[in-house]
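Shown below: entry18.cif, with mmCIF, C-alpha atoms.
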```
data_model
loop_
_atom_site.label_atom_id
_atom_site.label_comp_id
_atom_site.auth_asym_id
_atom_site.auth_seq_id
_atom_site.Cartn_x
_atom_site.Cartn_y
_atom_site.Cartn_z
CA MET Z 1 -52.35 64.88 -31.70
CA GLU Z 2 -51.89 62.47 -28.81
CA TYR Z 3 -53.78 59.65 -30.55
CA SER Z 4 -51.81 60.34 -33.75
CA ASN Z 5 -48.51 59.95 -31.90
CA ILE Z 6 -49.79 56.73 -30.31
CA SER Z 7 -50.61 55.44 -33.81
CA LEU Z 8 -47.18 56.42 -35.11
CA SER Z 9 -45.50 54.80 -32.11
CA PHE Z 10 -47.56 51.66 -32.73
CA ASN Z 11 -46.26 51.56 -36.31
CA ILE Z 12 -42.68 51.86 -35.05
CA LEU Z 13 -43.24 49.07 -32.53
CA LEU Z 14 -44.81 46.87 -35.21
CA TRP Z 15 -41.78 47.05 -37.49
CA PHE Z 16 -39.33 46.86 -34.58
CA LEU Z 17 -40.85 43.60 -33.32
CA THR Z 18 -40.97 42.24 -36.87
CA PHE Z 19 -37.25 42.94 -37.34
CA ILE Z 20 -36.36 41.45 -33.94
CA VAL Z 21 -38.33 38.25 -34.65
CA TYR Z 22 -36.64 37.96 -38.05
CA LYS Z 23 -33.14 38.39 -36.57
CA ARG Z 24 -33.78 35.73 -33.94
CA ASN Z 25 -34.57 33.21 -36.67
CA HIS Z 26 -31.84 34.23 -39.14
CA LYS Z 27 -28.10 34.55 -38.62
CA THR Z 28 -27.59 36.97 -41.51
CA LEU Z 29 -29.49 40.12 -42.40
CA GLY Z 30 -30.64 38.95 -45.85
CA THR Z 31 -32.88 40.81 -48.26
CA THR Z 32 -35.96 40.40 -46.08
CA GLY Z 33 -34.15 41.68 -42.98
CA GLY Z 34 -32.79 44.63 -44.94
CA LEU Z 35 -36.28 45.58 -46.09
CA PHE Z 36 -37.69 45.19 -42.57
CA LEU Z 37 -34.94 47.50 -41.33
CA LEU Z 38 -35.80 50.05 -44.02
CA PHE Z 39 -39.48 50.03 -43.05
CA LEU Z 40 -38.45 50.50 -39.41
CA VAL Z 41 -36.35 53.55 -40.38
CA TYR Z 42 -39.26 54.92 -42.43
CA SER Z 43 -41.61 54.55 -39.44
CA PHE Z 44 -39.24 56.58 -37.24
CA CYS Z 45 -38.98 59.27 -39.93
CA SER Z 46 -42.79 59.41 -40.18
CA TYR Z 47 -42.99 60.17 -36.46
CA PHE Z 48 -40.55 63.07 -36.72
CA VAL Z 49 -42.20 64.46 -39.87
CA PHE Z 50 -45.66 64.50 -38.30
CA ASN Z 51 -44.32 66.36 -35.26
CA ASP Z 52 -42.25 68.82 -37.28
CA PRO Z 53 -43.74 72.36 -37.05
CA PHE Z 54 -43.26 73.00 -40.78
CA TRP Z 55 -43.74 69.63 -42.48
CA GLY Z 56 -46.39 68.16 -40.16
CA ASP Z 57 -49.06 70.84 -40.61
CA GLN Z 58 -50.28 69.39 -43.90
CA TYR Z 59 -51.37 66.04 -42.40
CA LEU Z 60 -54.70 65.10 -40.86
CA PRO Z 61 -54.87 63.16 -37.57
CA ILE Z 62 -53.25 59.73 -37.91
CA LYS Z 63 -55.09 56.47 -37.15
CA ILE Z 64 -53.90 52.95 -36.34
CA TYR Z 65 -56.04 50.94 -38.78
CA PRO Z 66 -54.35 52.17 -41.99
CA PHE Z 67 -50.95 51.20 -40.54
CA VAL Z 68 -52.22 47.70 -39.74
CA TYR Z 69 -53.62 47.35 -43.25
CA LEU Z 70 -50.39 48.64 -44.84
CA TYR Z 71 -48.30 46.31 -42.66
CA ILE Z 72 -50.31 43.25 -43.77
CA VAL Z 73 -50.19 44.22 -47.45
CA VAL Z 74 -46.42 44.81 -47.31
CA LEU Z 75 -45.86 41.42 -45.68
CA ILE Z 76 -47.97 39.76 -48.38
CA SER Z 77 -45.96 41.50 -51.09
CA LEU Z 78 -42.72 40.30 -49.44
CA ILE Z 79 -43.70 36.62 -49.50
CA PRO Z 80 -41.61 35.93 -52.67
CA VAL Z 81 -38.63 37.71 -51.06
CA ILE Z 82 -39.00 35.68 -47.85
CA LYS Z 83 -39.21 32.46 -49.87
CA TRP Z 84 -36.11 33.46 -51.84
CA ASP Z 85 -34.12 34.06 -48.64
CA ASN Z 86 -35.10 30.62 -47.34
CA LEU Z 87 -34.16 28.74 -50.51
CA ASN Z 88 -30.97 26.71 -50.33
CA ILE Z 89 -29.40 27.85 -53.60
CA SER Z 90 -25.67 27.71 -54.20
CA GLU Z 91 -25.49 28.84 -57.83
CA ILE Z 92 -27.55 30.60 -60.50
CA VAL Z 93 -27.46 29.22 -64.03
CA THR Z 94 -29.14 30.34 -67.23
CA PRO Z 95 -29.63 28.52 -70.54
CA ASN Z 96 -28.62 31.56 -72.56
CA PRO Z 97 -25.96 33.86 -70.99
CA HIS Z 98 -25.25 35.36 -74.41
CA LEU Z 99 -28.71 36.92 -74.50
CA ILE Z 100 -28.07 38.54 -71.10
CA ALA Z 101 -24.74 39.90 -72.34
CA LEU Z 102 -26.44 41.30 -75.46
CA ILE Z 103 -29.06 43.11 -73.38
CA CYS Z 104 -26.33 44.47 -71.10
CA TRP Z 105 -24.29 45.82 -74.01
CA PHE Z 106 -27.42 47.50 -75.40
CA PHE Z 107 -27.99 49.12 -71.98
CA VAL Z 108 -24.36 50.26 -71.92
CA LEU Z 109 -24.63 51.75 -75.41
CA CYS Z 110 -27.82 53.68 -74.57
CA SER Z 111 -26.35 54.94 -71.29
CA PHE Z 112 -23.07 56.06 -72.85
CA LEU Z 113 -24.95 57.99 -75.53
CA ARG Z 114 -26.52 60.05 -72.71
CA VAL Z 115 -23.21 61.17 -71.27
CA GLY Z 116 -23.51 64.53 -73.05
CA GLN Z 117 -26.38 65.41 -70.70
CA LEU Z 118 -23.88 65.51 -67.82
CA SER Z 119 -22.14 68.55 -69.32
CA HIS Z 120 -23.92 70.99 -67.02
CA LEU Z 121 -23.44 68.93 -63.82
CA TYR Z 122 -20.20 70.69 -62.84
CA GLU Z 123 -21.66 74.11 -63.64
CA GLY Z 124 -24.77 73.35 -61.60
CA LEU Z 125 -22.73 72.25 -58.57
CA ILE Z 126 -20.63 75.41 -58.74
CA GLN Z 127 -23.83 77.50 -58.83
CA MET Z 128 -25.15 75.67 -55.74
CA VAL Z 129 -21.92 76.39 -53.87
CA VAL Z 130 -22.05 80.09 -54.78
CA SER Z 131 -25.80 80.57 -54.38
CA SER Z 132 -28.04 78.80 -51.85
CA GLU Z 133 -31.01 79.13 -54.23
CA ALA Z 134 -29.39 77.67 -57.36
CA GLY Z 135 -30.55 74.08 -56.71
CA GLN Z 136 -34.16 75.15 -56.32
CA GLU Z 137 -33.96 77.25 -59.50
CA ILE Z 138 -32.51 74.32 -61.51
CA TYR Z 139 -35.23 72.02 -60.15
CA ILE Z 140 -38.01 74.45 -61.06
CA GLN Z 141 -36.57 75.05 -64.53
CA THR Z 142 -36.36 71.28 -65.16
CA ASN Z 143 -40.01 70.82 -64.17
CA LEU Z 144 -41.13 73.73 -66.36
CA GLU Z 145 -39.30 72.28 -69.37
CA GLY Z 146 -40.84 68.87 -68.71
CA GLU Z 147 -44.36 70.32 -68.50
CA ALA Z 148 -43.81 72.33 -71.69
CA ASN Z 149 -42.86 69.18 -73.62
CA LEU Z 150 -45.52 66.96 -72.04
CA GLY Z 151 -47.93 65.42 -74.52
CA ASN Z 152 -46.39 66.94 -77.65
CA GLY Z 153 -45.87 63.47 -79.16
CA ILE Z 154 -42.14 64.05 -79.73
CA ILE Z 155 -39.55 61.60 -78.40
CA SER Z 156 -36.58 63.81 -77.61
CA ASN Z 157 -34.20 61.11 -76.35
CA ILE Z 158 -34.92 57.49 -77.30
CA PHE Z 159 -31.68 56.36 -75.63
CA ALA Z 160 -32.85 57.73 -72.28
CA ILE Z 161 -36.05 55.68 -72.56
CA PHE Z 162 -34.15 52.43 -73.13
CA SER Z 163 -31.50 53.22 -70.53
CA ASN Z 164 -34.04 54.06 -67.81
CA SER Z 165 -36.26 51.09 -68.66
CA LEU Z 166 -33.39 48.60 -68.57
CA PHE Z 167 -31.65 49.91 -65.44
CA ASP Z 168 -33.24 47.49 -62.93
CA PHE Z 169 -32.70 44.51 -65.23
CA ALA Z 170 -29.11 45.58 -65.86
CA VAL Z 171 -28.40 45.69 -62.11
CA LEU Z 172 -29.77 42.16 -61.72
CA PHE Z 173 -27.77 40.93 -64.72
CA PHE Z 174 -24.63 42.66 -63.41
CA PHE Z 175 -24.60 40.61 -60.21
CA PHE Z 176 -25.47 37.49 -62.19
CA LEU Z 177 -22.41 38.07 -64.37
CA LEU Z 178 -20.27 38.63 -61.26
CA GLN Z 179 -20.95 35.09 -60.06
CA ALA Z 180 -20.48 33.53 -63.50
CA LYS Z 181 -17.43 31.34 -64.00
CA LYS Z 182 -16.22 33.33 -66.99
CA LEU Z 183 -16.21 37.03 -66.14
CA SER Z 184 -16.39 39.57 -68.96
CA LYS Z 185 -14.34 42.36 -67.39
CA PRO Z 186 -14.89 44.93 -70.20
CA LEU Z 187 -18.67 44.45 -69.94
CA LEU Z 188 -18.63 44.71 -66.13
CA VAL Z 189 -16.57 47.91 -66.21
CA CYS Z 190 -18.83 49.44 -68.85
CA MET Z 191 -21.90 48.53 -66.82
CA LEU Z 192 -20.43 50.15 -63.71
CA LEU Z 193 -19.81 53.33 -65.68
CA SER Z 194 -23.36 53.14 -67.04
CA PHE Z 195 -24.76 52.88 -63.50
CA ILE Z 196 -22.78 55.98 -62.52
CA ILE Z 197 -24.13 57.88 -65.52
CA CYS Z 198 -27.73 56.88 -64.74
CA ILE Z 199 -27.35 57.97 -61.10
CA LEU Z 200 -25.57 61.27 -61.83
CA LEU Z 201 -28.01 62.39 -64.54
CA PRO Z 202 -30.92 63.15 -62.15
CA ILE Z 203 -28.48 64.88 -59.79
CA SER Z 204 -27.42 67.15 -62.65
CA TYR Z 205 -31.04 68.35 -62.79
CA SER Z 206 -31.16 68.85 -58.99
CA GLU Z 207 -33.33 65.75 -58.51
CA ARG Z 208 -32.50 63.42 -55.60
CA GLY Z 209 -35.38 60.94 -55.92
CA PRO Z 210 -34.45 59.00 -59.07
CA ALA Z 211 -30.76 58.95 -58.09
CA LEU Z 212 -31.37 57.57 -54.58
CA GLU Z 213 -33.92 55.10 -55.92
CA ARG Z 214 -31.30 53.64 -58.26
CA VAL Z 215 -28.75 53.48 -55.44
CA LEU Z 216 -31.34 51.61 -53.37
CA VAL Z 217 -31.90 49.14 -56.23
CA LEU Z 218 -28.16 48.48 -56.38
CA CYS Z 219 -27.97 47.90 -52.62
CA ILE Z 220 -30.99 45.58 -52.41
CA VAL Z 221 -29.96 43.45 -55.41
CA TYR Z 222 -26.44 43.21 -54.00
CA VAL Z 223 -27.78 41.95 -50.65
CA THR Z 224 -30.02 39.52 -52.54
CA CYS Z 225 -27.20 38.07 -54.64
CA SER Z 226 -24.24 38.41 -52.25
CA ARG Z 227 -24.37 34.76 -51.17
CA PHE Z 228 -23.42 33.70 -54.70
CA LEU Z 229 -20.33 35.93 -54.84
CA SER Z 230 -16.82 34.98 -53.77
CA THR Z 231 -15.18 36.72 -50.82
CA SER Z 232 -12.71 38.58 -53.06
CA ILE Z 233 -15.49 39.95 -55.28
CA LYS Z 234 -17.50 41.00 -52.21
CA LYS Z 235 -14.53 43.03 -50.96
CA ILE Z 236 -14.22 44.79 -54.31
CA VAL Z 237 -17.96 45.52 -54.50
CA ASN Z 238 -18.00 46.80 -50.90
CA GLY Z 239 -15.11 49.14 -51.72
CA LEU Z 240 -16.91 50.39 -54.82
CA PHE Z 241 -20.07 51.07 -52.81
CA VAL Z 242 -18.12 53.10 -50.24
CA ALA Z 243 -16.27 55.09 -52.90
CA PHE Z 244 -19.36 55.79 -54.95
CA GLY Z 245 -21.38 56.67 -51.86
CA ALA Z 246 -18.76 59.26 -50.94
CA ILE Z 247 -18.80 60.67 -54.48
CA ILE Z 248 -22.56 61.19 -54.75
CA SER Z 249 -23.05 62.33 -51.14
CA LEU Z 250 -21.48 65.72 -51.92
CA PRO Z 251 -23.81 66.77 -54.78
CA VAL Z 252 -26.84 65.33 -52.95
CA ALA Z 253 -25.87 67.40 -49.90
CA PHE Z 254 -25.57 70.54 -52.07
CA ILE Z 255 -29.01 69.89 -53.58
CA THR Z 256 -30.59 69.34 -50.16
CA ILE Z 257 -29.07 72.49 -48.69
CA SER Z 258 -29.93 74.55 -51.78
CA ARG Z 259 -33.55 73.41 -52.08
CA PHE Z 260 -34.54 73.13 -48.43
CA SER Z 261 -32.38 75.55 -46.43
CA GLU Z 262 -35.37 77.80 -45.67
CA ARG Z 263 -37.68 74.90 -44.76
CA GLY Z 264 -35.30 72.94 -42.56
CA ILE Z 265 -32.69 70.58 -43.97
CA LEU Z 266 -33.06 67.88 -41.31
CA GLY Z 267 -36.85 68.03 -41.56
CA SER Z 268 -36.67 67.67 -45.34
CA LEU Z 269 -34.60 64.48 -44.96
CA PHE Z 270 -37.09 63.01 -42.50
CA CYS Z 271 -39.92 63.99 -44.86
CA TYR Z 272 -38.13 62.37 -47.78
CA PHE Z 273 -38.11 58.99 -46.07
CA GLY Z 274 -41.18 59.27 -43.84
CA GLN Z 275 -43.94 60.95 -45.80
CA GLN Z 276 -45.15 57.79 -47.58
CA ASN Z 277 -46.60 56.34 -44.36
CA LEU Z 278 -48.37 59.62 -43.56
CA ASN Z 279 -49.72 60.01 -47.10
CA PHE Z 280 -51.06 56.47 -47.07
CA ASN Z 281 -52.66 56.92 -43.66
#
```
As structure tokens, what does this structure read like?
Amino acid sequence: MEYSNISLSFNILLWFLTFIVYKRNHKTLGTTGGLFLLFLVYSFCSYFVFNDPFWGDQYLPIKIYPFVYLYIVVLISLIPVIKWDNLNISEIVTPNPHLIALICWFFVLCSFLRVGQLSHLYEGLIQMVVSSEAGQEIYIQTNLEGEANLGNGIISNIFAIFSNSLFDFAVLFFFFLLQAKKLSKPLLVCMLLSFIICILLPISYSERGPALERVLVLCIVYVTCSRFLSTSIKKIVNGLFVAFGAIISLPVAFITISRFSERGILGSLFCYFGQQNLNFN
């Protein structure tokens, strides 16, 4: 146990020093700095998870070498991001903006056609407020239905496939369109609504992972592209992030309390963000 905690502390120190060195050489946080900060938070969470009486029992003793290996591999994978942050780019141009707009409208159409799946979101939230076990029951039922339909060769929702596949590209295109000289306001509004639909759909099935992953994609791409946006647009986007964060925090909190009340809510949050380091080790 003692050597495991030394290894976990070493991992924290590694990412802390990396973040400090980065900040000394860069005035702004940037995409690279944001990712370094995330890995630092994950390393702290890993420490608490391993030492949690409930969540930590499943892990074998932790060693330093796997953390060193993972650290090197992550840095190698971030080389394109580091290069991007260091490039002196003032504007992004594309030879065919109409193609991007076409893809975005297709994403919007597929996402809007999924809005019917949100019909049970309100009912599910009410159940979680009334019963502390409702979220876990919804989650189990969703998994059982998914396993029952697995491998039957039937595509039940083709629009969901396109919408999910195009989400990351749509986020990138959204911020590209924001810095374009001619803004298409109807398209931007429709894309924002589509992002909300794609994030709320997993929550309606008591799933936090896909929803938070999409929020993280939005945040990272925004940090990546923020230098191309005007000050007025940044203020609007920041306000939207705050408002939307407040909106989704309530159902995510209900899901967390409902699914993990008996196993420790705080421990489940640490496990959510810290288990990947432990699993890799």
I would like the residues chosen by the PyMOL selection byres ((chain Z and resi 29) around 12) on the shown file; could you give them as a list in words?
-> Phe19, Ile20, Val21, Tyr22, Lys23, Arg24, Asn25, His26, Lys27, Thr28, Gly30, Thr31, Thr32, Gly33, Gly34, Leu35, Phe36, Leu37, Leu38, Ile82, Asp85, Ile220, Val223, Thr224, Ser226 and Arg227 of chain Z
Evaluate the PyMOL selection byres ((chain Z and resi 13) around 12) and report residues as number ranges by chain | Z: 6-12, 14-20, 39-41, 43-44, 47, 64, 67-68, 71
Residue subset to file, keeping C-alpha atoms, as a compact mmCIF listing (two decimals), in the frame of the given file:
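Dumped everything to result_25.txt:
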```txt
# COMPACT_ATOMS: atom_id res chain seq x y z
CA ILE Z 6 -49.79 56.73 -30.31
CA SER Z 7 -50.61 55.44 -33.81
CA LEU Z 8 -47.18 56.42 -35.11
CA SER Z 9 -45.50 54.80 -32.11
CA PHE Z 10 -47.56 51.66 -32.73
CA ASN Z 11 -46.26 51.56 -36.31
CA ILE Z 12 -42.68 51.86 -35.05
CA LEU Z 14 -44.81 46.87 -35.21
CA TRP Z 15 -41.78 47.05 -37.49
CA PHE Z 16 -39.33 46.86 -34.58
CA LEU Z 17 -40.85 43.60 -33.32
CA THR Z 18 -40.97 42.24 -36.87
CA PHE Z 19 -37.25 42.94 -37.34
CA ILE Z 20 -36.36 41.45 -33.94
CA PHE Z 39 -39.48 50.03 -43.05
CA LEU Z 40 -38.45 50.50 -39.41
CA VAL Z 41 -36.35 53.55 -40.38
CA SER Z 43 -41.61 54.55 -39.44
CA PHE Z 44 -39.24 56.58 -37.24
CA TYR Z 47 -42.99 60.17 -36.46
CA ILE Z 64 -53.90 52.95 -36.34
CA PHE Z 67 -50.95 51.20 -40.54
CA VAL Z 68 -52.22 47.70 -39.74
CA TYR Z 71 -48.30 46.31 -42.66
```
Could you list, as a PDB file with C-alpha atoms, in the frame of the given file, every residue matched by the PyMOL selection byres ((chain Z and resi 60) around 12) in this structure?
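Output below, filename out_8.pdb:
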```pdb
ATOM      1  CA  MET Z   1     -52.350  64.880 -31.700  1.00  0.00           C
ATOM      2  CA  TYR Z   3     -53.780  59.650 -30.550  1.00  0.00           C
ATOM      3  CA  SER Z   4     -51.810  60.340 -33.750  1.00  0.00           C
ATOM      4  CA  PHE Z  50     -45.660  64.500 -38.300  1.00  0.00           C
ATOM      5  CA  ASN Z  51     -44.320  66.360 -35.260  1.00  0.00           C
ATOM      6  CA  TRP Z  55     -43.740  69.630 -42.480  1.00  0.00           C
ATOM      7  CA  GLY Z  56     -46.390  68.160 -40.160  1.00  0.00           C
ATOM      8  CA  ASP Z  57     -49.060  70.840 -40.610  1.00  0.00           C
ATOM      9  CA  GLN Z  58     -50.280  69.390 -43.900  1.00  0.00           C
ATOM     10  CA  TYR Z  59     -51.370  66.040 -42.400  1.00  0.00           C
ATOM     11  CA  PRO Z  61     -54.870  63.160 -37.570  1.00  0.00           C
ATOM     12  CA  ILE Z  62     -53.250  59.730 -37.910  1.00  0.00           C
ATOM     13  CA  LYS Z  63     -55.090  56.470 -37.150  1.00  0.00           C
ATOM     14  CA  LEU Z 278     -48.370  59.620 -43.560  1.00  0.00           C
ATOM     15  CA  ASN Z 279     -49.720  60.010 -47.100  1.00  0.00           C
ATOM     16  CA  PHE Z 280     -51.060  56.470 -47.070  1.00  0.00           C
ATOM     17  CA  ASN Z 281     -52.660  56.920 -43.660  1.00  0.00           C
TER      18      ASN Z 281
END
```
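Considering the residues Z:Leu177, Z:Val108, Z:Leu75, Z:Leu250 and counting all atoms listed in the file, Phe195 of chain Z has its shortest atom-to-atom contact with Z:Val108.
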Of the listed residues Z:Ala246, Z:Ile79, Z:Ile103, Z:Leu166, that which approaches Cys198 of chain Z most closely, counting only C-alpha atoms |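 Closest candidate: Z:Leu166.
Here atom CA of Leu200 of chain Z and atom CA of Cys45 of chain Z stand 25.8 Å from one another.
In this model, the gap between atom CA of Phe176 of chain Z and atom CA of Pro80 of chain Z comes to 18.8 Å.
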Determine, counting all atoms listed in the file, every residue of protein, DNA or RNA that lies within 12 Å of (-15.4, 33.7, -55.3) in the file coordinates, then give the result as an NGL selection string.
-> :Z and (90-91 or 178-183 or 226-236)
Expected file: the selected residues, C-alpha atoms, as a PDB file, keeping the file's coordinate frame:
```
ATOM      1  CA  SER Z  90     -25.670  27.710 -54.200  1.00  0.00           C
ATOM      2  CA  GLU Z  91     -25.490  28.840 -57.830  1.00  0.00           C
ATOM      3  CA  LEU Z 178     -20.270  38.630 -61.260  1.00  0.00           C
ATOM      4  CA  GLN Z 179     -20.950  35.090 -60.060  1.00  0.00           C
ATOM      5  CA  ALA Z 180     -20.480  33.530 -63.500  1.00  0.00           C
ATOM      6  CA  LYS Z 181     -17.430  31.340 -64.000  1.00  0.00           C
ATOM      7  CA  LYS Z 182     -16.220  33.330 -66.990  1.00  0.00           C
ATOM      8  CA  LEU Z 183     -16.210  37.030 -66.140  1.00  0.00           C
ATOM      9  CA  SER Z 226     -24.240  38.410 -52.250  1.00  0.00           C
ATOM     10  CA  ARG Z 227     -24.370  34.760 -51.170  1.00  0.00           C
ATOM     11  CA  PHE Z 228     -23.420  33.700 -54.700  1.00  0.00           C
ATOM     12  CA  LEU Z 229     -20.330  35.930 -54.840  1.00  0.00           C
ATOM     13  CA  SER Z 230     -16.820  34.980 -53.770  1.00  0.00           C
ATOM     14  CA  THR Z 231     -15.180  36.720 -50.820  1.00  0.00           C
ATOM     15  CA  SER Z 232     -12.710  38.580 -53.060  1.00  0.00           C
ATOM     16  CA  ILE Z 233     -15.490  39.950 -55.280  1.00  0.00           C
ATOM     17  CA  LYS Z 234     -17.500  41.000 -52.210  1.00  0.00           C
ATOM     18  CA  LYS Z 235     -14.530  43.030 -50.960  1.00  0.00           C
ATOM     19  CA  ILE Z 236     -14.220  44.790 -54.310  1.00  0.00           C
TER      20      ILE Z 236
END
```
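Here atom CA of Ile92 of chain Z is placed at a distance of 11.2 Å from atom CA of Phe173 of chain Z.
Here the selection is built from all atoms listed in the file, and the residues within 7 Å of (-20.0, 45.5, -71.9) turn out to be Cys104, Trp105, Val108, Pro186, Leu187, Leu188, Cys190 and Met191 of chain Z.
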Which is closest to Glu207 of chain Z among Z:Phe112, Z:Cys271, Z:Ile72, Z:Val252, if we use all atoms listed in the file?
->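 The closest residue to Glu207 of chain Z is Z:Val252.
Among Z:Ile199, Z:Ser165, Z:Gly274, Z:Trp84, the residue with the shortest atom-to-atom distance to Cys225 of chain Z, counting all atoms listed in the file, is Z:Trp84.
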When distances are computed from all atoms listed in the file, which of Z:Ile161, Z:Pro97, Z:Ile76, Z:Val81 shows the smallest separation from Cys110 of chain Z?
->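 Under the stated criterion, the closest residue is Z:Ile161.
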So which one's closest to Ile248 of chain Z, Z:Ile196, Z:Asn88, Z:Ser77, Z:Gly209? Using all atoms listed in the file, please.
->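 Of Z:Ile196, Z:Asn88, Z:Ser77, Z:Gly209, the one nearest Ile248 of chain Z is Z:Ile196, counting all atoms listed in the file.
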Do a neighbour search on Phe159 of chain Z at 8 Å with all atoms listed in the file, toss out local chain neighbours closer than 6 positions, and write the hits as a list in words.
-> Cys110, Ser111, Leu113 and Arg114 of chain Z
Could the residues in this selection be written to a file with C-alpha atoms, as a PDB file, in the coordinates of the input?
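Done, and the output landed in out_6.pdb:
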```pdb
ATOM      1  CA  CYS Z 110     -27.820  53.680 -74.570  1.00  0.00           C
ATOM      2  CA  SER Z 111     -26.350  54.940 -71.290  1.00  0.00           C
ATOM      3  CA  LEU Z 113     -24.950  57.990 -75.530  1.00  0.00           C
ATOM      4  CA  ARG Z 114     -26.520  60.050 -72.710  1.00  0.00           C
TER       5      ARG Z 114
END
```
